[in-house]
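Novice: Shown below is the structure under consideration.
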Number of protein chains: 2
Amino acid sequence: MSTVTTTATLLHLDASPRGARSQSRRLGEQFLAEWRAAHPAGRVITHDIGREPPPFLTEAWVEGAFAPAAEQSPAARDAIAVSNRYVDELLAADQLVITTPIHNLSFPAALKAWIDQIVRVGRTFAMGAAGFDGLAKGKRALIIVSSGSDFRPGTPGGAYNFLEPYLRAVLGFIGITDVQFVYAHSLNAGNPAGPAALAEAQTTVTQLARAA
Amino acid sequence: MSTVTTTATLLHLDASPRGARSQSRRLGEQFLAEWRAAHPAGRVITHDIGREPPPFLTEAWVEGAFAPAAEQSPAARDAIAVSNRYVDELLAADQLVITTPIHNLSFPAALKAWIDQIVRVGRTFAMGAAGFDGLAKGKRALIIVSSGSDFRPGTPGGAYNFLEPYLRAVLGFIGITDVQFVYAHSLNAGNPAGPAALAEAQTTVTQLARAA
């Protein structure tokens with residue numbers, strides 16, 4: 001394995017509500033172990049949003065995001081301070097790694113709660129005369145997805161994959177356009193395609209961590 | 001207005017985190033007022049999920065949904081009891097009305113939290129040799145959407161509407177295929193199309209409530 005000295009910063013979000021039984025969680029841990037080995041000076045921030053989800057948006061949050069700072073209530077300042085921490089971490093990262101299961105044809109609600117915290121006018125996107133412009137440019141994103149069925153684009157189940165098109169759109173909206181997906185699919189008990197799909201995902205995750 | 005005596009049950013979910021300033025919330029209130037007038041014997045259940053969101057899924061929830069009842073931990077029983085209440089309400093309803101803003105090209109996380117609570121094997125869908133089958137059949141759904149821009153299908157912004165395709169798919173998965181969308185669009189301050197769009201949505205909502 002090649003070892004590159006770097007001060008790269010990686011932000012890792014784990015959206016699974018499950019612990020050791022989560023395949024996406026284990027794949028994320030594998031990615032991080034390989035990435036740390038390849039980037040001994042690198043910095044990793046992990047948020048276990050599956051088990052400690054970001055807060056849902058509130059009316060105070062909306063006030064904090066849109067009202068002038070001097071006019072904000074204490075509740076608005078508190079709500080937006082939480083959002084600011086998520087935004088600061090994202091903006092400081094060179095790479096974003098999200099590990100997530102597919103729940104009901106998309107990702108768990110906790111990941112949408114994170115998205116709702118980090119899509120912010122003036123922080124992660126700008127609104128000007130020429131339209132919208134993403135402010136979180138120059139980052140790469142890797143989305144490691146585990147699922148009971150096969151939802152890979154191009155397969156019959158791909159028509160029911162509402163995770164990838166949406167994540168590409170909303171990450172693109174804030175300027176993150178270099179987005180790669182890895183699917184550990186067909187993991188339902190008894191699915192004969194599962195073991196090979198998991199092994200392939202493990203190999204890909206290792207390669208990506210070393211090349212990152 | 002025609003008045004029909006009926007014992008219809010309507011389940012209303014309001015996904016906006018905002019109070020009186022929410023246009024979707026106000027349109028929902030208008031729909032309910034008209035519906036109640038047209039259905040004096042009808043029953044309405046409202047969940048303000050925008051301000052009191054359903055819990056995120058947890059590992060205990062997964063245990064409660066999939067492990068045999070006799071083997072479940074107290075935490076699993078508690079988690080799935082919450083889900084059962086949401087499911088029971090949905091199954092008892094003849095009509096589902098969801099009012100929601102568009103946040104970041106889709107609906108707020110709170111609505112996904114509700115979806116994750118109500119999509120349940122053996123309760124709202126069945127899994128058999130012939131594939132999946134929705135168990136929440138025979139209901140109508142109305143989705144009242146408010147948004148700052150125009151995300152209606154068929155418009156340029158429709159390509160960024162990740163709310164309607166997903167809701168159609170996941171509601172269809174549990175057997176709800178009669179789904180209608182009303183868009184109060186272009187509501188950003190200063191958008192010249194906003195007032196007419198809002199007026200049209202108000203008219204449509206009134207007509208639908210009376211015809212429901």
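Going through the structure tokens in order, the chains are called A, B, and so on, while each chain numbers its residues from 1 and the ligands are numbered from 1 in the order shown.
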Within 9 Å of chain A, which residues of chain B are there when counting only C-alpha atoms? Please give them as a PyMOL selection string.

Specialist: chain B and resi 16-19+50-51+53+56-60+62+103-116+119+160+162+165-166+169-170+173

Novice: Just list as JSON, numbers by chain whatever in stretch 18-212 of chain B DSSP marks as strand (DSSP E or B).

Specialist: {"B": [43, 44, 45, 46, 47, 95, 96, 97, 98, 99, 100, 101, 103, 106, 121, 125, 126, 127, 128, 131, 132, 133, 134, 140, 141, 142, 143, 144, 145, 146, 178, 179, 180, 181, 182, 183, 184]}

Novice: Pick out the residues sitting within 9 Å of stretch 185-190 of chain A, and hand them over as a compact mmCIF listing (two decimals) with C-alpha atoms, in the first residue's frame; count only C-alpha atoms, and ignore anything fewer than 4 positions along from it in its own chain.

Specialist:
```
# COMPACT_ATOMS: atom_id res chain seq x y z
CA GLN A 23 -23.40 -3.70 6.50
CA VAL A 145 -25.05 2.09 0.03
CA SER A 146 -26.24 -1.22 1.44
CA SER A 147 -29.57 -2.75 0.53
CA GLY A 148 -31.54 -5.94 0.74
CA SER A 149 -32.43 -5.86 -2.95
CA ASP A 150 -30.48 -4.71 -6.00
CA PHE A 151 -31.14 -1.02 -6.61
CA ARG A 152 -28.13 -0.29 -8.82
CA GLY A 194 -25.50 -11.19 -1.81
CA PRO A 195 -22.09 -12.66 -0.89
CA ALA A 197 -22.02 -8.29 -4.17
CA LEU A 198 -20.69 -7.68 -0.65
CA ALA A 201 -18.20 -3.68 -2.53
```

Novice: Grab the atom CA of B:Asn191 to atom CA of A:Ala75 distance for me, in Å with one decimal place.

Specialist: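 Separation of atom CA of B:Asn191 and atom CA of A:Ala75: 29.4 Å.
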
Novice: If we count only C-alpha atoms and set the cut-off at 7 Å, which residues sit around stretch 12-14 of chain B, ignoring sequence neighbours fewer than 6 positions away in its own chain? Please answer as a ChimeraX atom specification.

Specialist: /B:25,45-50,96-100

Novice: List the spatial neighbours of stretch 32-35 of chain B as a ChimeraX atom specification - criterion: any atom at most 8 Å away, only C-alpha atoms, same-chain residues fewer than 5 positions off excluded.

Specialist: /B:206,209-210,212

Novice: As a count of residues only, please: all residues of stretch 58-174 of chain A that backbone DSSP puts in helix (DSSP H, G or I).

Specialist: 55
